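The data block below is start.cif; it holds mmCIF, N, CA and C atoms.
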data_protein
loop_
_atom_site.label_atom_id
_atom_site.label_comp_id
_atom_site.auth_asym_id
_atom_site.auth_seq_id
_atom_site.Cartn_x
_atom_site.Cartn_y
_atom_site.Cartn_z
N MET D 1 118.53 88.35 97.58
CA MET D 1 119.05 88.73 98.90
C MET D 1 118.00 89.58 99.60
N ARG D 2 117.71 89.24 100.84
CA ARG D 2 116.79 90.03 101.66
C ARG D 2 117.48 90.27 102.99
N LEU D 3 117.86 91.51 103.23
CA LEU D 3 118.41 91.93 104.53
C LEU D 3 117.28 92.64 105.25
N TRP D 4 116.55 91.88 106.04
CA TRP D 4 115.35 92.40 106.68
C TRP D 4 115.63 93.61 107.57
N SER D 5 114.74 94.58 107.50
CA SER D 5 114.75 95.71 108.44
C SER D 5 114.01 95.32 109.71
N LEU D 6 113.20 94.29 109.62
CA LEU D 6 112.44 93.79 110.76
C LEU D 6 113.37 93.10 111.77
N HIS D 7 112.94 93.07 113.01
CA HIS D 7 113.70 92.35 114.03
C HIS D 7 113.74 90.86 113.66
N PRO D 8 114.89 90.22 113.81
CA PRO D 8 114.98 88.80 113.43
C PRO D 8 114.11 87.86 114.26
N LYS D 9 113.57 88.32 115.37
CA LYS D 9 112.72 87.44 116.19
C LYS D 9 111.46 86.99 115.46
N TYR D 10 111.06 87.72 114.43
CA TYR D 10 109.85 87.38 113.69
C TYR D 10 110.07 86.28 112.65
N LEU D 11 111.31 85.96 112.37
CA LEU D 11 111.61 84.98 111.32
C LEU D 11 111.44 83.54 111.81
N ASP D 12 111.01 82.70 110.92
CA ASP D 12 110.95 81.27 111.21
C ASP D 12 112.37 80.71 111.09
N PRO D 13 112.58 79.46 111.48
CA PRO D 13 113.95 78.90 111.41
C PRO D 13 114.59 79.04 110.04
N GLN D 14 113.84 78.74 108.97
CA GLN D 14 114.40 78.85 107.63
C GLN D 14 114.79 80.28 107.31
N GLY D 15 113.95 81.22 107.72
CA GLY D 15 114.21 82.62 107.46
C GLY D 15 115.42 83.13 108.22
N LEU D 16 115.58 82.69 109.45
CA LEU D 16 116.72 83.13 110.26
C LEU D 16 118.03 82.60 109.69
N VAL D 17 118.04 81.33 109.28
CA VAL D 17 119.24 80.75 108.68
C VAL D 17 119.55 81.45 107.36
N ALA D 18 118.54 81.72 106.56
CA ALA D 18 118.75 82.42 105.28
C ALA D 18 119.28 83.83 105.53
N LEU D 19 118.76 84.51 106.53
CA LEU D 19 119.23 85.85 106.84
C LEU D 19 120.69 85.84 107.26
N TRP D 20 121.07 84.87 108.07
CA TRP D 20 122.48 84.74 108.49
C TRP D 20 123.37 84.57 107.26
N ARG D 21 123.00 83.65 106.39
CA ARG D 21 123.81 83.38 105.19
C ARG D 21 123.87 84.59 104.26
N GLU D 22 122.74 85.21 104.04
CA GLU D 22 122.70 86.37 103.15
C GLU D 22 123.45 87.56 103.74
N SER D 23 123.42 87.70 105.05
CA SER D 23 124.16 88.78 105.71
C SER D 23 125.66 88.52 105.64
N LEU D 24 126.07 87.27 105.72
CA LEU D 24 127.49 86.94 105.54
C LEU D 24 127.93 87.24 104.11
N LEU D 25 127.06 86.97 103.15
CA LEU D 25 127.35 87.32 101.77
C LEU D 25 127.47 88.84 101.63
N ALA D 26 126.56 89.57 102.26
CA ALA D 26 126.62 91.04 102.23
C ALA D 26 127.93 91.54 102.82
N LYS D 27 128.36 90.91 103.89
CA LYS D 27 129.64 91.29 104.51
C LYS D 27 130.78 91.09 103.52
N ALA D 28 130.78 89.96 102.83
CA ALA D 28 131.82 89.68 101.84
C ALA D 28 131.80 90.72 100.71
N VAL D 29 130.62 91.10 100.28
CA VAL D 29 130.49 92.13 99.24
C VAL D 29 131.07 93.45 99.73
N LEU D 30 130.71 93.85 100.95
CA LEU D 30 131.20 95.12 101.50
C LEU D 30 132.71 95.11 101.71
N ARG D 31 133.28 93.94 101.89
CA ARG D 31 134.74 93.83 102.06
C ARG D 31 135.46 93.67 100.72
N GLY D 32 134.69 93.65 99.64
CA GLY D 32 135.29 93.50 98.32
C GLY D 32 135.79 92.10 98.04
N GLU D 33 135.20 91.10 98.68
CA GLU D 33 135.66 89.71 98.56
C GLU D 33 134.85 88.89 97.57
N THR D 34 133.99 89.54 96.81
CA THR D 34 133.18 88.83 95.84
C THR D 34 132.91 89.73 94.64
N ARG D 35 132.71 89.13 93.50
CA ARG D 35 132.39 89.93 92.31
C ARG D 35 130.89 90.04 92.11
N GLY D 36 130.14 89.11 92.68
CA GLY D 36 128.69 89.13 92.55
C GLY D 36 128.03 90.02 93.59
N TYR D 37 126.82 90.42 93.31
CA TYR D 37 125.97 91.17 94.24
C TYR D 37 126.51 92.56 94.61
N THR D 38 127.53 93.05 93.91
CA THR D 38 128.16 94.32 94.31
C THR D 38 127.22 95.51 94.20
N ASN D 39 126.24 95.43 93.30
CA ASN D 39 125.30 96.53 93.15
C ASN D 39 123.90 96.17 93.61
N HIS D 40 123.80 95.18 94.48
CA HIS D 40 122.48 94.75 94.95
C HIS D 40 121.83 95.88 95.74
N PRO D 41 120.58 96.21 95.44
CA PRO D 41 119.91 97.34 96.11
C PRO D 41 119.81 97.20 97.63
N GLN D 42 119.75 95.98 98.13
CA GLN D 42 119.66 95.79 99.58
C GLN D 42 120.91 96.30 100.31
N LEU D 43 121.99 96.45 99.59
CA LEU D 43 123.24 96.89 100.21
C LEU D 43 123.41 98.41 100.24
N GLU D 44 122.55 99.14 99.56
CA GLU D 44 122.70 100.59 99.48
C GLU D 44 122.80 101.26 100.85
N ARG D 45 121.93 100.87 101.75
CA ARG D 45 121.94 101.55 103.06
C ARG D 45 123.19 101.22 103.88
N PHE D 46 123.78 100.05 103.64
CA PHE D 46 125.04 99.73 104.32
C PHE D 46 126.19 100.49 103.67
N LYS D 47 126.20 100.54 102.35
CA LYS D 47 127.25 101.27 101.64
C LYS D 47 127.23 102.75 101.99
N ALA D 48 126.04 103.30 102.23
CA ALA D 48 125.91 104.72 102.55
C ALA D 48 126.31 105.04 103.99
N HIS D 49 126.41 104.04 104.83
CA HIS D 49 126.77 104.24 106.23
C HIS D 49 128.22 104.72 106.32
N THR D 50 128.51 105.54 107.32
CA THR D 50 129.88 106.04 107.48
C THR D 50 130.86 104.94 107.83
N GLN D 51 130.36 103.85 108.40
CA GLN D 51 131.20 102.70 108.75
C GLN D 51 130.51 101.42 108.27
N PRO D 52 130.51 101.17 106.95
CA PRO D 52 129.73 100.04 106.41
C PRO D 52 130.11 98.69 106.99
N ARG D 53 131.39 98.45 107.20
CA ARG D 53 131.81 97.14 107.72
C ARG D 53 131.38 96.94 109.17
N PHE D 54 131.48 97.98 109.96
CA PHE D 54 131.02 97.86 111.34
C PHE D 54 129.50 97.76 111.39
N ALA D 55 128.83 98.43 110.45
CA ALA D 55 127.36 98.36 110.41
C ALA D 55 126.90 96.94 110.10
N ILE D 56 127.53 96.29 109.11
CA ILE D 56 127.13 94.92 108.79
C ILE D 56 127.49 93.97 109.93
N ASN D 57 128.59 94.23 110.62
CA ASN D 57 128.94 93.40 111.77
C ASN D 57 127.89 93.56 112.88
N SER D 58 127.43 94.77 113.09
CA SER D 58 126.39 95.02 114.09
C SER D 58 125.09 94.31 113.69
N TYR D 59 124.79 94.35 112.41
CA TYR D 59 123.61 93.67 111.89
C TYR D 59 123.71 92.17 112.15
N LEU D 60 124.87 91.60 111.83
CA LEU D 60 125.11 90.17 112.06
C LEU D 60 125.06 89.82 113.54
N ALA D 61 125.58 90.68 114.40
CA ALA D 61 125.59 90.41 115.84
C ALA D 61 124.17 90.25 116.38
N ALA D 62 123.24 91.05 115.90
CA ALA D 62 121.85 90.93 116.36
C ALA D 62 121.22 89.63 115.86
N ILE D 63 121.56 89.22 114.66
CA ILE D 63 121.06 87.93 114.14
C ILE D 63 121.64 86.80 114.98
N HIS D 64 122.92 86.89 115.28
CA HIS D 64 123.57 85.88 116.11
C HIS D 64 122.92 85.81 117.48
N ALA D 65 122.61 86.95 118.07
CA ALA D 65 121.96 86.98 119.40
C ALA D 65 120.61 86.26 119.36
N GLU D 66 119.84 86.50 118.31
CA GLU D 66 118.55 85.82 118.17
C GLU D 66 118.75 84.32 118.00
N ALA D 67 119.71 83.95 117.17
CA ALA D 67 119.98 82.53 116.96
C ALA D 67 120.42 81.85 118.25
N THR D 68 121.27 82.51 119.02
CA THR D 68 121.74 81.96 120.29
C THR D 68 120.58 81.78 121.26
N GLU D 69 119.68 82.77 121.29
CA GLU D 69 118.50 82.67 122.16
C GLU D 69 117.64 81.46 121.79
N ARG D 70 117.63 81.10 120.52
CA ARG D 70 116.86 79.95 120.06
C ARG D 70 117.62 78.63 120.20
N GLY D 71 118.87 78.70 120.62
CA GLY D 71 119.65 77.50 120.79
C GLY D 71 120.40 77.07 119.55
N TYR D 72 120.51 77.93 118.56
CA TYR D 72 121.24 77.62 117.35
C TYR D 72 122.73 77.87 117.57
N ALA D 73 123.55 77.28 116.75
CA ALA D 73 125.01 77.41 116.90
C ALA D 73 125.63 78.13 115.71
N PHE D 74 125.22 79.38 115.48
CA PHE D 74 125.86 80.18 114.44
C PHE D 74 127.25 80.55 114.91
N ASP D 75 128.21 80.54 114.01
CA ASP D 75 129.61 80.78 114.35
C ASP D 75 129.88 82.27 114.56
N PRO D 76 130.13 82.68 115.81
CA PRO D 76 130.35 84.11 116.08
C PRO D 76 131.65 84.65 115.49
N SER D 77 132.59 83.77 115.16
CA SER D 77 133.84 84.25 114.59
C SER D 77 133.64 84.84 113.19
N LYS D 78 132.50 84.58 112.58
CA LYS D 78 132.22 85.11 111.24
C LYS D 78 131.72 86.55 111.28
N ILE D 79 131.43 87.07 112.47
CA ILE D 79 130.87 88.41 112.58
C ILE D 79 131.93 89.48 112.38
N GLY D 80 133.05 89.36 113.04
CA GLY D 80 134.05 90.41 113.00
C GLY D 80 133.86 91.38 114.14
N PRO D 81 134.68 92.42 114.21
CA PRO D 81 134.59 93.36 115.33
C PRO D 81 133.26 94.12 115.33
N VAL D 82 132.65 94.19 116.49
CA VAL D 82 131.38 94.89 116.64
C VAL D 82 131.63 96.17 117.42
N ARG D 83 131.22 97.27 116.85
CA ARG D 83 131.36 98.58 117.47
C ARG D 83 129.98 99.22 117.55
N THR D 84 129.85 100.18 118.42
CA THR D 84 128.64 100.98 118.43
C THR D 84 128.67 101.85 117.18
N VAL D 85 127.63 101.76 116.39
CA VAL D 85 127.57 102.53 115.15
C VAL D 85 126.28 103.36 115.13
N GLN D 86 126.32 104.36 114.28
CA GLN D 86 125.13 105.19 114.07
C GLN D 86 124.02 104.31 113.52
N PRO D 87 122.81 104.39 114.09
CA PRO D 87 121.70 103.60 113.54
C PRO D 87 121.38 104.02 112.11
N ILE D 88 120.85 103.09 111.37
CA ILE D 88 120.41 103.35 110.00
C ILE D 88 118.91 103.64 110.04
N PRO D 89 118.48 104.74 109.44
CA PRO D 89 117.04 105.02 109.44
C PRO D 89 116.29 104.04 108.54
N VAL D 90 115.11 103.65 108.99
CA VAL D 90 114.22 102.82 108.18
C VAL D 90 112.82 103.41 108.30
N SER D 91 112.15 103.52 107.19
CA SER D 91 110.84 104.16 107.18
C SER D 91 109.73 103.21 107.61
N THR D 92 108.67 103.79 108.11
CA THR D 92 107.49 103.01 108.49
C THR D 92 106.92 102.30 107.26
N GLY D 93 107.00 102.95 106.11
CA GLY D 93 106.52 102.33 104.87
C GLY D 93 107.33 101.10 104.50
N GLN D 94 108.64 101.19 104.69
CA GLN D 94 109.51 100.04 104.40
C GLN D 94 109.20 98.89 105.36
N LEU D 95 109.05 99.21 106.64
CA LEU D 95 108.73 98.17 107.61
C LEU D 95 107.39 97.52 107.30
N ALA D 96 106.40 98.32 106.92
CA ALA D 96 105.08 97.77 106.58
C ALA D 96 105.17 96.84 105.36
N LEU D 97 105.93 97.26 104.35
CA LEU D 97 106.10 96.42 103.17
C LEU D 97 106.76 95.09 103.55
N GLU D 98 107.84 95.16 104.34
CA GLU D 98 108.54 93.95 104.74
C GLU D 98 107.66 93.06 105.62
N TRP D 99 106.88 93.66 106.49
CA TRP D 99 106.00 92.89 107.37
C TRP D 99 104.99 92.10 106.53
N GLY D 100 104.39 92.76 105.55
CA GLY D 100 103.46 92.06 104.66
C GLY D 100 104.14 90.96 103.88
N HIS D 101 105.34 91.24 103.41
CA HIS D 101 106.11 90.24 102.65
C HIS D 101 106.43 89.03 103.53
N LEU D 102 106.87 89.29 104.75
CA LEU D 102 107.18 88.19 105.66
C LEU D 102 105.93 87.40 106.02
N GLN D 103 104.83 88.08 106.25
CA GLN D 103 103.59 87.37 106.59
C GLN D 103 103.18 86.42 105.46
N ARG D 104 103.34 86.86 104.21
CA ARG D 104 103.01 85.98 103.07
C ARG D 104 103.94 84.77 103.04
N LYS D 105 105.21 84.97 103.30
CA LYS D 105 106.16 83.85 103.34
C LYS D 105 105.80 82.88 104.46
N LEU D 106 105.50 83.43 105.65
CA LEU D 106 105.18 82.58 106.80
C LEU D 106 103.87 81.82 106.59
N ALA D 107 102.90 82.42 105.91
CA ALA D 107 101.63 81.75 105.65
C ALA D 107 101.84 80.45 104.88
N THR D 108 102.80 80.46 103.98
CA THR D 108 103.10 79.29 103.18
C THR D 108 104.03 78.32 103.89
N ARG D 109 105.07 78.88 104.50
CA ARG D 109 106.19 78.07 104.99
C ARG D 109 106.06 77.69 106.47
N SER D 110 105.53 78.59 107.29
CA SER D 110 105.49 78.38 108.75
C SER D 110 104.24 79.00 109.37
N PRO D 111 103.08 78.41 109.12
CA PRO D 111 101.84 78.99 109.65
C PRO D 111 101.84 79.16 111.17
N ALA D 112 102.52 78.30 111.90
CA ALA D 112 102.56 78.43 113.37
C ALA D 112 103.30 79.69 113.79
N VAL D 113 104.36 80.03 113.08
CA VAL D 113 105.10 81.26 113.39
C VAL D 113 104.23 82.46 113.04
N LEU D 114 103.54 82.40 111.93
CA LEU D 114 102.63 83.48 111.55
C LEU D 114 101.56 83.67 112.62
N ALA D 115 101.00 82.59 113.11
CA ALA D 115 99.97 82.67 114.15
C ALA D 115 100.50 83.31 115.43
N ARG D 116 101.75 83.03 115.74
CA ARG D 116 102.36 83.61 116.95
C ARG D 116 102.35 85.13 116.92
N TRP D 117 102.50 85.71 115.74
CA TRP D 117 102.59 87.16 115.59
C TRP D 117 101.31 87.77 115.01
N SER D 118 100.22 87.03 114.95
CA SER D 118 99.01 87.48 114.26
C SER D 118 98.39 88.74 114.88
N ASP D 119 98.56 88.96 116.15
CA ASP D 119 97.97 90.14 116.80
C ASP D 119 98.88 91.36 116.76
N LEU D 120 100.05 91.22 116.19
CA LEU D 120 101.02 92.31 116.17
C LEU D 120 100.70 93.28 115.04
N ALA D 121 100.43 94.53 115.39
CA ALA D 121 100.09 95.53 114.39
C ALA D 121 101.32 96.27 113.88
N SER D 122 102.28 96.49 114.77
CA SER D 122 103.45 97.29 114.41
C SER D 122 104.72 96.56 114.87
N PRO D 123 105.37 95.85 113.96
CA PRO D 123 106.56 95.08 114.34
C PRO D 123 107.76 95.98 114.65
N ALA D 124 108.64 95.48 115.49
CA ALA D 124 109.88 96.20 115.82
C ALA D 124 110.88 96.03 114.68
N CYS D 125 111.76 96.98 114.57
CA CYS D 125 112.81 96.87 113.55
C CYS D 125 114.05 96.22 114.15
N HIS D 126 114.91 95.78 113.28
CA HIS D 126 116.21 95.22 113.66
C HIS D 126 116.92 96.26 114.53
N PRO D 127 117.67 95.84 115.55
CA PRO D 127 118.32 96.80 116.45
C PRO D 127 119.27 97.80 115.78
N LEU D 128 119.79 97.49 114.60
CA LEU D 128 120.66 98.44 113.91
C LEU D 128 119.88 99.62 113.35
N PHE D 129 118.58 99.44 113.13
CA PHE D 129 117.77 100.46 112.48
C PHE D 129 116.98 101.29 113.48
N ARG D 130 116.64 102.50 113.06
CA ARG D 130 115.76 103.39 113.84
C ARG D 130 114.62 103.80 112.94
N GLN D 131 113.41 103.52 113.41
CA GLN D 131 112.21 103.78 112.64
C GLN D 131 111.94 105.28 112.54
N GLN D 132 111.49 105.69 111.36
CA GLN D 132 111.08 107.07 111.14
C GLN D 132 109.93 107.07 110.15
N PRO D 133 109.10 108.11 110.17
CA PRO D 133 107.99 108.16 109.21
C PRO D 133 108.52 108.20 107.78
N GLY D 134 107.77 107.61 106.88
CA GLY D 134 108.16 107.67 105.48
C GLY D 134 107.58 106.52 104.68
N SER D 135 107.84 106.59 103.38
CA SER D 135 107.32 105.59 102.46
C SER D 135 108.36 104.49 102.23
N VAL D 136 108.06 103.61 101.32
CA VAL D 136 108.95 102.50 100.99
C VAL D 136 110.28 103.06 100.48
N ALA D 137 111.37 102.43 100.86
CA ALA D 137 112.71 102.88 100.48
C ALA D 137 112.89 102.88 98.97
N SER D 138 113.69 103.82 98.48
CA SER D 138 113.93 103.94 97.04
C SER D 138 114.64 102.72 96.47
N TRP D 139 115.42 102.01 97.29
CA TRP D 139 116.14 100.84 96.79
C TRP D 139 115.28 99.59 96.73
N GLU D 140 114.11 99.62 97.34
CA GLU D 140 113.24 98.44 97.38
C GLU D 140 112.68 98.15 95.99
N ARG D 141 112.66 96.91 95.63
CA ARG D 141 112.05 96.51 94.37
C ARG D 141 110.54 96.70 94.47
N ALA D 142 109.94 97.16 93.41
CA ALA D 142 108.50 97.46 93.40
C ALA D 142 107.65 96.25 93.75
N SER D 143 108.13 95.05 93.43
CA SER D 143 107.34 93.84 93.67
C SER D 143 107.29 93.43 95.13
N GLY D 144 108.09 94.09 95.99
CA GLY D 144 108.11 93.69 97.38
C GLY D 144 109.34 92.92 97.74
N GLY D 145 110.25 92.72 96.82
CA GLY D 145 111.53 92.12 97.16
C GLY D 145 111.59 90.62 97.04
N ALA D 146 112.73 90.12 97.42
CA ALA D 146 113.03 88.68 97.27
C ALA D 146 112.46 87.84 98.35
#
The structure in this file should be written as structure tokens.
Amino acid sequence: MRLWSLHPKYLDPQGLVALWRESLLAKAVLRGETRGYTNHPQLERFKAHTQPRFAINSYLAAIHAEATERGYAFDPSKIGPVRTVQPIPVSTGQLALEWGHLQRKLATRSPAVLARWSDLASPACHPLFRQQPGSVASWERASGGA
């Protein structure tokens, strides 16, 4: 499971669809509707939020907005109620790690998408997150994640 801290606009079609599906799985986990993935490290920051269900809905809403802008037909009824929620902090180190990880994925899977963002030095984070100085998140796997 990879719940990107990066803005979904950087993802290729495969990545955006995977993010939608994995975020829906995360929502099910947060609602207690699944036995699997309950202790997945990617969910720590959502679980720590004062309103985890609204936070994941907000996360999904931004993915849906990106998909709609691209002409995709993601089902908005799967999002649930969207409220204004406190942003989740994300460190510059975490964003840098994810950016490198995504660039490696795009180099293999979608070189044209990688080329589109080749001049970008500092990517934007997902709208739910607020960037702050810091190192890689404690929940991140040392290898750079999934």
Distance of atom C of Glu33 (chain D) from CA of His7 (chain D), expressed in Å to one decimal place:
27.0 Å
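Using only N, CA and C atoms, the smallest distance between any of D:Ser23, D:Gly71, D:Thr38, D:Ser118 and Ile56 (chain D) comes from D:Ser23.
At a cut-off of 5 Å from (103.0, 86.7, 110.5), the residue set is Gln103, Leu114 and Trp117 of chain D (counting all atoms listed in the file).
Of the residues listed (D:Lys9, D:Ala26, D:Ala121, D:Arg31), D:Lys9 shows the shortest atom-to-atom separation from Glu66 (chain D); distances use all atoms listed in the file.
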Resolved residues for the PyMOL selection byres ((chain D and resi 128) around 5) as an NGL selection string
:D and (87-88 or 126-127 or 129-130)
Using all atoms listed in the file, can you tell me which of D:Val17, D:Val113, D:Leu30, D:Pro133 comes closest to Ser91 (chain D)?
D:Pro133
What does region 85-116 of chain D look like written to a file with N, CA and C atoms, as an mmCIF file, in the first residue's frame?
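Resulting contents of out_4.cif:
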data_model
loop_
_atom_site.group_PDB
_atom_site.id
_atom_site.type_symbol
_atom_site.label_atom_id
_atom_site.label_comp_id
_atom_site.auth_asym_id
_atom_site.auth_seq_id
_atom_site.Cartn_x
_atom_site.Cartn_y
_atom_site.Cartn_z
ATOM 1 N N VAL D 85 -10.836 19.451 7.333
ATOM 2 C CA VAL D 85 -10.113 18.809 8.428
ATOM 3 C C VAL D 85 -8.749 19.473 8.601
ATOM 4 N N GLN D 86 -8.201 19.262 9.771
ATOM 5 C CA GLN D 86 -6.851 19.750 10.061
ATOM 6 C C GLN D 86 -5.878 19.075 9.104
ATOM 7 N N PRO D 87 -5.001 19.847 8.455
ATOM 8 C CA PRO D 87 -4.015 19.215 7.567
ATOM 9 C C PRO D 87 -3.082 18.293 8.347
ATOM 10 N N ILE D 88 -2.570 17.312 7.660
ATOM 11 C CA ILE D 88 -1.601 16.389 8.238
ATOM 12 C C ILE D 88 -0.205 16.876 7.845
ATOM 13 N N PRO D 89 0.689 17.024 8.820
ATOM 14 C CA PRO D 89 2.048 17.453 8.464
ATOM 15 C C PRO D 89 2.799 16.362 7.705
ATOM 16 N N VAL D 90 3.578 16.789 6.735
ATOM 17 C CA VAL D 90 4.461 15.877 6.001
ATOM 18 C C VAL D 90 5.812 16.568 5.874
ATOM 19 N N SER D 91 6.849 15.829 6.128
ATOM 20 C CA SER D 91 8.192 16.415 6.131
ATOM 21 C C SER D 91 8.768 16.528 4.721
ATOM 22 N N THR D 92 9.681 17.460 4.581
ATOM 23 C CA THR D 92 10.381 17.627 3.308
ATOM 24 C C THR D 92 11.172 16.363 2.976
ATOM 25 N N GLY D 93 11.698 15.705 4.001
ATOM 26 C CA GLY D 93 12.430 14.453 3.776
ATOM 27 C C GLY D 93 11.529 13.352 3.239
ATOM 28 N N GLN D 94 10.313 13.283 3.769
ATOM 29 C CA GLN D 94 9.349 12.287 3.286
ATOM 30 C C GLN D 94 8.967 12.570 1.839
ATOM 31 N N LEU D 95 8.707 13.838 1.538
ATOM 32 C CA LEU D 95 8.355 14.199 0.161
ATOM 33 C C LEU D 95 9.501 13.890 -0.793
ATOM 34 N N ALA D 96 10.726 14.172 -0.384
ATOM 35 C CA ALA D 96 11.885 13.892 -1.238
ATOM 36 C C ALA D 96 12.023 12.384 -1.484
ATOM 37 N N LEU D 97 11.836 11.585 -0.436
ATOM 38 C CA LEU D 97 11.911 10.134 -0.595
ATOM 39 C C LEU D 97 10.835 9.652 -1.567
ATOM 40 N N GLU D 98 9.601 10.123 -1.387
ATOM 41 C CA GLU D 98 8.512 9.704 -2.262
ATOM 42 C C GLU D 98 8.734 10.178 -3.696
ATOM 43 N N TRP D 99 9.260 11.377 -3.863
ATOM 44 C CA TRP D 99 9.514 11.903 -5.203
ATOM 45 C C TRP D 99 10.523 11.017 -5.932
ATOM 46 N N GLY D 100 11.594 10.644 -5.242
ATOM 47 C CA GLY D 100 12.578 9.744 -5.848
ATOM 48 C C GLY D 100 11.979 8.392 -6.175
ATOM 49 N N HIS D 101 11.160 7.886 -5.269
ATOM 50 C CA HIS D 101 10.498 6.591 -5.474
ATOM 51 C C HIS D 101 9.570 6.656 -6.692
ATOM 52 N N LEU D 102 8.789 7.714 -6.787
ATOM 53 C CA LEU D 102 7.883 7.863 -7.924
ATOM 54 C C LEU D 102 8.665 8.021 -9.227
ATOM 55 N N GLN D 103 9.729 8.790 -9.205
ATOM 56 C CA GLN D 103 10.524 8.967 -10.423
ATOM 57 C C GLN D 103 11.071 7.630 -10.924
ATOM 58 N N ARG D 104 11.504 6.771 -10.007
ATOM 59 C CA ARG D 104 11.993 5.442 -10.418
ATOM 60 C C ARG D 104 10.869 4.615 -11.024
ATOM 61 N N LYS D 105 9.695 4.674 -10.445
ATOM 62 C CA LYS D 105 8.542 3.942 -10.995
ATOM 63 C C LYS D 105 8.194 4.470 -12.389
ATOM 64 N N LEU D 106 8.155 5.802 -12.527
ATOM 65 C CA LEU D 106 7.793 6.405 -13.813
ATOM 66 C C LEU D 106 8.838 6.122 -14.885
ATOM 67 N N ALA D 107 10.107 6.053 -14.516
ATOM 68 C CA ALA D 107 11.168 5.766 -15.484
ATOM 69 C C ALA D 107 10.938 4.420 -16.160
ATOM 70 N N THR D 108 10.421 3.474 -15.410
ATOM 71 C CA THR D 108 10.151 2.145 -15.942
ATOM 72 C C THR D 108 8.803 2.066 -16.638
ATOM 73 N N ARG D 109 7.791 2.640 -15.997
ATOM 74 C CA ARG D 109 6.403 2.416 -16.403
ATOM 75 C C ARG D 109 5.869 3.487 -17.356
ATOM 76 N N SER D 110 6.268 4.743 -17.149
ATOM 77 C CA SER D 110 5.694 5.864 -17.915
ATOM 78 C C SER D 110 6.733 6.958 -18.155
ATOM 79 N N PRO D 111 7.712 6.691 -19.017
ATOM 80 C CA PRO D 111 8.764 7.686 -19.250
ATOM 81 C C PRO D 111 8.243 9.051 -19.707
ATOM 82 N N ALA D 112 7.133 9.086 -20.428
ATOM 83 C CA ALA D 112 6.584 10.374 -20.886
ATOM 84 C C ALA D 112 6.091 11.213 -19.709
ATOM 85 N N VAL D 113 5.503 10.565 -18.727
ATOM 86 C CA VAL D 113 5.050 11.292 -17.532
ATOM 87 C C VAL D 113 6.263 11.780 -16.750
ATOM 88 N N LEU D 114 7.279 10.960 -16.644
ATOM 89 C CA LEU D 114 8.514 11.371 -15.977
ATOM 90 C C LEU D 114 9.111 12.593 -16.673
ATOM 91 N N ALA D 115 9.144 12.575 -17.991
ATOM 92 C CA ALA D 115 9.696 13.698 -18.750
ATOM 93 C C ALA D 115 8.906 14.982 -18.512
ATOM 94 N N ARG D 116 7.606 14.853 -18.355
ATOM 95 C CA ARG D 116 6.755 16.027 -18.106
ATOM 96 C C ARG D 116 7.175 16.770 -16.845
#
